[in-house]
Every structure is written in structure tokens, then in C-alpha cells.
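S.K.: If you scroll down you'll find the structure; I have some questions about it.
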Amino acid sequence: MSASSISTQIVRVGVAGAILAGACLWGIEQWALGAEKQLTGNPHTPDFSDTTDPFLLWQLLPGATEVNGQQVHVNALGARGNAVTMEKPANIRRVVVLGDGMAFGEGVERTKSFAIDAIDSLGGERVGVQPIILAVPDYSIIQTRNLMGMRGWDLEPDLLIYSGPGIEMNVGTYVDKEVISAFRGTTPKRDILEAFATTRVADHMLRVHGGNKAIQRDNVFRKGINTNTDGRPRVSSNDYSLHLDALATQAKSAEVAMVFVLLPLPTDLHDTPQLQRVAPYRMAMVDVAAKHGLPVVDGPELFQNSARDPTSLFHETGRPTVKGHRLLGYALSKALRPWMRGHTINTTGTGVTLPAYPEPTRLLGKP
């Protein structure tokens with residue numbers, strides 16, 4: 001047999017092998033696509049299995065339910081309010097509200113929460129603007145980013161209202177980044193691999209359910225072990241800036257407008273050392289906003305300049321009153337008015353690299 005015949009045969013075998021391998025990979029990918037939701041869960045639907053959710057830790061129970069002592073209605077997407085379809089209706093602009101308890105409207109009716117109050121005062125659903133409260137009490141920025149990856153971005157928002165900081169400063173029995181797995185789309189290095197269902201399924205089995213964070217979740221939520229004996233905040237100020245910057249970057253990439261709301265605290269109305277711990281987080285919010293050209297509603301300054309009695313703005317629990325929400329909602333409505341009229345509210349931004357922030361040395365309890 002001549003050398004050319006051998007070479008031709010080798011090429012044919014190689015091509016046939018490549019075709020066979022490609023067909024096998026295609027078959028595996030098609031199987032993974034069909035089995036993905038069964039194996040990894042449907043990210044659009046809250047999961048209430050016995051295991052702790054690897055991306056969110058917990059979710060709101062749909063229907064009439066109690067959240068921190070308050071009776072509220074939660075829809076099938078885990079958002080406070082009436083039913084919302086994943087597909088956005090024609091001629092509707094969607095506003096997704098993000099944050100934790102204050103953005104959720106803990107202690108007040110949904111329509112009295114500052115974000116809904118602001119949007120309704122500008123016409124709201126009467127003028128084709130649909131607000132969706134994806135904020136969840138005690139959700140950190142890490143949980144919020146995962147929630148956006150699981151269903152928030154698929155809702156096709158036109159505007160994001162993010163408020164904070166909040167629970168990030170709290171000290172608990174765990175640190176978020178040690179127990180919460182990153183949902184796909186939150187780590188750029190994995191973007192290419194995550195385009196394939198095969199790697200998504202494999203990643204879920206090996207990393208999400210079999211990695212060190214899964215062990216830590218089991219220690220905290222099933223065994224009741226305190227894995228944060230040195231008293232670190234749930235999210236450090238520098239991790240907070242990193243995730244907030246990533247969220248703003250994703251919004252800009254998706255051409256979604258965004259506004260930040262700096263949340264006021266009862267301590268803003270008094271000169272107390274407790275404000276020292278919130279300062280780095282607020283600095284991060286202001287810096288990220290400047291970097292991306294986002295408007296900022298300064299809640300602390302607003303409350304301080306209101307000259308109102310603290311008891312009219314905050315309950316003894318630290319939650320804002322209806323008057324407190326209304327005051328913040330009025331300021332937010334002024335920031336949103338241009339967007340409601342079809343104008344942009346985001347500018348080019350500085351694009352500067354974010355600095356390193358000091359970490360509070362003493363964090364006790366909820367701010």
C-alpha cells in the first residue's frame with residue numbers, strides 16, 4: 001500500500017472519528033438541555049425543597065404568606081405583589097426594585113413602600129410602567145445578584161432601583177461568600193462554558209452541590225454551626241463594592257437604566273459611633289454610581305434635613321414609617337421623572353477604578 005493511500009485512510013478515519021465524537025457531544029448536549037431543569041431546578045420558580053437553596057439560601061413562599069410578622073402577597077416568581085408573567089407585555093416598561101427589607105416595604109402596605117409610592121406618583125401602571133418588587137428582607141447584594149441571574153434579567157427590566165446598604169453590615173453565623181454559590185452569569189470567567197447545558201449541569205453537580213460551599217451551608221443551616229466566630233459582616237465593604245460594580249456593569253451592558261438609593265438609618269438622626277460601620281458601604285455606593293454615571297438619592301441627608309421628629313420617620317423597630325417611606329419616595333420620584341418622560345437618567349460616568357475601602361472593626365447586630 002502506498003504512502004498516499006495510508007495518508008488518505010488516516011484522514012478518513014480521523015474525519016469519521018471527529019464526526020462520531022461530534023455526534024456524541026451533540027447527543028449529550030441535547031440530553032443535558034432536556035434534563036437540566038430536572039437536575040438543577042427551574043431558576044424562574046422558587047424551590048422549597050428540604051435543602052437550602054445554594055444561590056439564595058431562602059426564598060419567599062408564593063401566595064398569602066407571613067414575612068417577619070407581616071402578612072403579604074407573594075407571586076409565583078417570589079416577588080411581592082400580584083401575578084407577573086415572565087414575558088414582558090407589549091408597550092410596557094418594567095421597573096425592578098432591588099434591596100432588602102426597606103425596599104420590600106417591611107411594615108407597610110406595598111403601595112406605601114418608597115419605590116412604589118414614587119412610581120405611582122408619576123403615573124405608574126396608568127402610563128405603562130410596571131414595578132416589580134424583587135427585594136427580599138435580609139437579602140444581601142450577593143443574593144440579589146444571583147436572583148437577577150436566575151429571573152431578574154429574564155423579566156427584561158427597563159430600569160433597576162437598587163437601595164442599600166442593609167443586611168450586608170450584619171454579623172451572623174456565616175459570611176455570605178462562604179456559603180452562597182455563584183449563579184451562572186455572575187462570574188465572567190465561566191461565561192463561555194456556561195453557554196453549554198452539559199457544563200452547566202456538570203458544574204451544578206460538582207461545584208454547587210459538591211463543593212466546599214455546600215459543606216459550609218450544611219454546617220450552618222442543618223447542623224447549626226457558627227462558621228463566623230470572628231464576627232465578620234455578612235458581606236465586607238470591599239466585596240460589597242465588587243458586587244455592586246458588577247451589577248451596574250451588567251445593567252449598562254443590557255442597556256437598562258439604574259438608580260441608587262442610599263438608605264437612611266435611625267442612627268443618621270443622632271451622632272452615634274454606629275455610623276462608622278455604614279460609612280464604607282455608602283462610600284462604595286457613591287463611588288460605583290459615579291463610575292457608571294448613575295443618579296443617587298441620598299436618603300440619610302434627606303432625613304437629616306427634614307427637621308422631622310425621629311419617631312415620625314422610624315418605628316422603634318428601626319423600620320421606616322409610612323411618612324418615612326413617603327419622604328424617600330418623593331425624592332426618588334424627582335430622580336425618576338426624566339426617565340418616566342422618556343429621557344435618559346444615566347450619564348457616561350468616570351469609569352475610574354474603585355478604591356479599597358476600610359473594613360469596620362466592630363460590627364454588632366442589625367444596623
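The chains in the C-alpha cells are called A, B, ... from first to last as shown; in each chain the residues are counted from 1, and the ligands are counted from 1 in the order shown.
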Could you pull out the helix (DSSP H, G or I) residues of region 73-305 of chain A from DSSP and send them as a count of residues only?
M.R.: 116
S.K.: Name the residues of region 208-347 of chain A that fall into strand (DSSP E or B) according to DSSP on the backbone, using the chain letters and numbers of this document, as JSON, numbers by chain.
M.R.: {"A": [233, 257, 258, 259, 260, 261, 262, 296, 297, 298, 314, 320]}
S.K.: Keeping only all heavy atoms, take the residues you just selected and write them out as a PDB file, in the first residue's frame.
M.R.:
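Saved result, part.pdb, follows:
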```pdb
ATOM      1  N   PRO A 233     -18.694  40.816  58.967  1.00  0.00           N
ATOM      2  CA  PRO A 233     -20.009  41.146  58.417  1.00  0.00           C
ATOM      3  C   PRO A 233     -20.393  40.128  57.355  1.00  0.00           C
ATOM      4  O   PRO A 233     -19.534  39.442  56.788  1.00  0.00           O
ATOM      5  CB  PRO A 233     -19.799  42.531  57.812  1.00  0.00           C
ATOM      6  CG  PRO A 233     -18.345  42.579  57.486  1.00  0.00           C
ATOM      7  CD  PRO A 233     -17.665  41.797  58.576  1.00  0.00           C
ATOM      8  N   ALA A 257     -31.509  51.176  32.482  1.00  0.00           N
ATOM      9  CA  ALA A 257     -31.241  52.327  33.336  1.00  0.00           C
ATOM     10  C   ALA A 257     -31.170  51.879  34.793  1.00  0.00           C
ATOM     11  O   ALA A 257     -31.741  50.848  35.172  1.00  0.00           O
ATOM     12  CB  ALA A 257     -32.329  53.382  33.158  1.00  0.00           C
ATOM     13  N   MET A 258     -30.475  52.668  35.609  1.00  0.00           N
ATOM     14  CA  MET A 258     -30.314  52.277  37.004  1.00  0.00           C
ATOM     15  C   MET A 258     -30.198  53.504  37.883  1.00  0.00           C
ATOM     16  O   MET A 258     -29.628  54.534  37.485  1.00  0.00           O
ATOM     17  CB  MET A 258     -29.069  51.396  37.166  1.00  0.00           C
ATOM     18  CG  MET A 258     -28.954  50.691  38.503  1.00  0.00           C
ATOM     19  SD  MET A 258     -27.602  49.468  38.489  1.00  0.00           S
ATOM     20  CE  MET A 258     -27.944  48.597  40.022  1.00  0.00           C
ATOM     21  N   VAL A 259     -30.748  53.414  39.093  1.00  0.00           N
ATOM     22  CA  VAL A 259     -30.632  54.476  40.081  1.00  0.00           C
ATOM     23  C   VAL A 259     -30.346  53.847  41.435  1.00  0.00           C
ATOM     24  O   VAL A 259     -30.845  52.766  41.750  1.00  0.00           O
ATOM     25  CB  VAL A 259     -31.924  55.336  40.123  1.00  0.00           C
ATOM     26  CG1 VAL A 259     -33.137  54.493  40.498  1.00  0.00           C
ATOM     27  CG2 VAL A 259     -31.780  56.499  41.093  1.00  0.00           C
ATOM     28  N   PHE A 260     -29.510  54.512  42.228  1.00  0.00           N
ATOM     29  CA  PHE A 260     -29.181  54.050  43.573  1.00  0.00           C
ATOM     30  C   PHE A 260     -29.946  54.880  44.598  1.00  0.00           C
ATOM     31  O   PHE A 260     -30.118  56.096  44.433  1.00  0.00           O
ATOM     32  CB  PHE A 260     -27.690  54.210  43.864  1.00  0.00           C
ATOM     33  CG  PHE A 260     -26.819  53.148  43.244  1.00  0.00           C
ATOM     34  CD1 PHE A 260     -25.435  53.248  43.317  1.00  0.00           C
ATOM     35  CD2 PHE A 260     -27.359  52.047  42.594  1.00  0.00           C
ATOM     36  CE1 PHE A 260     -24.620  52.284  42.765  1.00  0.00           C
ATOM     37  CE2 PHE A 260     -26.554  51.069  42.026  1.00  0.00           C
ATOM     38  CZ  PHE A 260     -25.179  51.193  42.124  1.00  0.00           C
ATOM     39  N   VAL A 261     -30.372  54.209  45.665  1.00  0.00           N
ATOM     40  CA  VAL A 261     -30.998  54.892  46.791  1.00  0.00           C
ATOM     41  C   VAL A 261     -30.196  54.569  48.043  1.00  0.00           C
ATOM     42  O   VAL A 261     -30.142  53.410  48.469  1.00  0.00           O
ATOM     43  CB  VAL A 261     -32.468  54.456  46.982  1.00  0.00           C
ATOM     44  CG1 VAL A 261     -33.064  55.168  48.198  1.00  0.00           C
ATOM     45  CG2 VAL A 261     -33.286  54.746  45.732  1.00  0.00           C
ATOM     46  N   LEU A 262     -29.543  55.580  48.609  1.00  0.00           N
ATOM     47  CA  LEU A 262     -28.840  55.405  49.880  1.00  0.00           C
ATOM     48  C   LEU A 262     -29.876  55.376  50.992  1.00  0.00           C
ATOM     49  O   LEU A 262     -30.622  56.336  51.184  1.00  0.00           O
ATOM     50  CB  LEU A 262     -27.869  56.561  50.116  1.00  0.00           C
ATOM     51  CG  LEU A 262     -26.508  56.507  49.441  1.00  0.00           C
ATOM     52  CD1 LEU A 262     -25.788  57.835  49.624  1.00  0.00           C
ATOM     53  CD2 LEU A 262     -25.662  55.392  50.025  1.00  0.00           C
ATOM     54  N   VAL A 296     -28.061  59.245  42.345  1.00  0.00           N
ATOM     55  CA  VAL A 296     -28.120  58.738  43.715  1.00  0.00           C
ATOM     56  C   VAL A 296     -29.117  59.566  44.518  1.00  0.00           C
ATOM     57  O   VAL A 296     -29.043  60.796  44.541  1.00  0.00           O
ATOM     58  CB  VAL A 296     -26.739  58.806  44.410  1.00  0.00           C
ATOM     59  CG1 VAL A 296     -26.844  58.336  45.848  1.00  0.00           C
ATOM     60  CG2 VAL A 296     -25.712  57.984  43.653  1.00  0.00           C
ATOM     61  N   VAL A 297     -30.054  58.890  45.154  1.00  0.00           N
ATOM     62  CA  VAL A 297     -30.976  59.540  46.082  1.00  0.00           C
ATOM     63  C   VAL A 297     -30.372  59.378  47.475  1.00  0.00           C
ATOM     64  O   VAL A 297     -30.231  58.253  47.973  1.00  0.00           O
ATOM     65  CB  VAL A 297     -32.380  58.905  46.018  1.00  0.00           C
ATOM     66  CG1 VAL A 297     -33.292  59.540  47.060  1.00  0.00           C
ATOM     67  CG2 VAL A 297     -32.967  59.059  44.616  1.00  0.00           C
ATOM     68  N   ASP A 298     -30.010  60.496  48.089  1.00  0.00           N
ATOM     69  CA  ASP A 298     -29.318  60.476  49.382  1.00  0.00           C
ATOM     70  C   ASP A 298     -30.334  60.483  50.516  1.00  0.00           C
ATOM     71  O   ASP A 298     -30.718  61.539  51.032  1.00  0.00           O
ATOM     72  CB  ASP A 298     -28.372  61.673  49.487  1.00  0.00           C
ATOM     73  CG  ASP A 298     -27.398  61.552  50.651  1.00  0.00           C
ATOM     74  OD1 ASP A 298     -27.738  60.847  51.629  1.00  0.00           O
ATOM     75  OD2 ASP A 298     -26.313  62.145  50.597  1.00  0.00           O
ATOM     76  N   PHE A 314     -39.249  56.786  61.876  1.00  0.00           N
ATOM     77  CA  PHE A 314     -38.878  55.396  62.164  1.00  0.00           C
ATOM     78  C   PHE A 314     -39.713  54.840  63.311  1.00  0.00           C
ATOM     79  O   PHE A 314     -39.994  55.548  64.286  1.00  0.00           O
ATOM     80  CB  PHE A 314     -37.390  55.291  62.543  1.00  0.00           C
ATOM     81  CG  PHE A 314     -36.439  55.556  61.414  1.00  0.00           C
ATOM     82  CD1 PHE A 314     -35.801  56.783  61.302  1.00  0.00           C
ATOM     83  CD2 PHE A 314     -36.174  54.582  60.468  1.00  0.00           C
ATOM     84  CE1 PHE A 314     -34.910  57.035  60.271  1.00  0.00           C
ATOM     85  CE2 PHE A 314     -35.284  54.819  59.432  1.00  0.00           C
ATOM     86  CZ  PHE A 314     -34.661  56.045  59.326  1.00  0.00           C
ATOM     87  N   PRO A 320     -38.695  52.146  58.749  1.00  0.00           N
ATOM     88  CA  PRO A 320     -39.283  53.461  58.471  1.00  0.00           C
ATOM     89  C   PRO A 320     -40.805  53.413  58.517  1.00  0.00           C
ATOM     90  O   PRO A 320     -41.417  52.398  58.193  1.00  0.00           O
ATOM     91  CB  PRO A 320     -38.783  53.786  57.061  1.00  0.00           C
ATOM     92  CG  PRO A 320     -38.467  52.459  56.452  1.00  0.00           C
ATOM     93  CD  PRO A 320     -38.000  51.589  57.573  1.00  0.00           C
TER      94      PRO A 320
END
```
S.K.: Using only C-alpha atoms, which of the listed residues (A:Leu77, A:Val286, A:Gly128, A:Pro295) sits closest to Pro338 (chain A)?
M.R.: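 Of A:Leu77, A:Val286, A:Gly128, A:Pro295, the one nearest Pro338 (chain A) is A:Pro295, counting only C-alpha atoms.
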S.K.: Work out how far CA of Asp100 (chain A) is from CA of Pro360 (chain A), in Å to one decimal.
M.R.: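 Result for CA of Pro360 (chain A) versus CA of Asp100 (chain A): 20.8 Å, one decimal.
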S.K.: So, counting only C-alpha atoms, which residue among A:Phe221, A:Trp153, A:Tyr162, A:Tyr281 is closest to Glu255 (chain A)?
M.R.: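 Of A:Phe221, A:Trp153, A:Tyr162, A:Tyr281, the one nearest Glu255 (chain A) is A:Trp153, counting only C-alpha atoms.
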S.K.: For Gly318 (chain A), which residue out of A:Ala289, A:Ala246, A:Leu265, A:Val74 is the nearest one, using only C-alpha atoms?
M.R.: A:Leu265
S.K.: What is the CA of Val95 (chain A)-CA of Ile132 (chain A) distance in Å, reported with one decimal?
M.R.: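 Those two atoms sit 6.1 Å apart.
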S.K.: Nearest to Ser121 (chain A) among A:Leu354, A:Val108, A:Met340, A:Ala135, with distances taken over only C-alpha atoms: which residue is it?
M.R.: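 The closest residue to Ser121 (chain A) is A:Met340.
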S.K.: Please indicate the distance in Å from CA of Asp230 (chain A) to CA of Arg217 (chain A), rounded to one decimal place.
M.R.: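 Straight-line distance from CA of Asp230 (chain A) to CA of Arg217 (chain A) works out to 17.7 Å.
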S.K.: Which residues are close to Asp47 (chain A), i.e. within 12 Å by only C-alpha atoms, leaving aside same-chain residues fewer than 5 positions away? Reply as an NGL selection string.
M.R.: :A and (37-38 or 40-42 or 52-62 or 76-78 or 150)
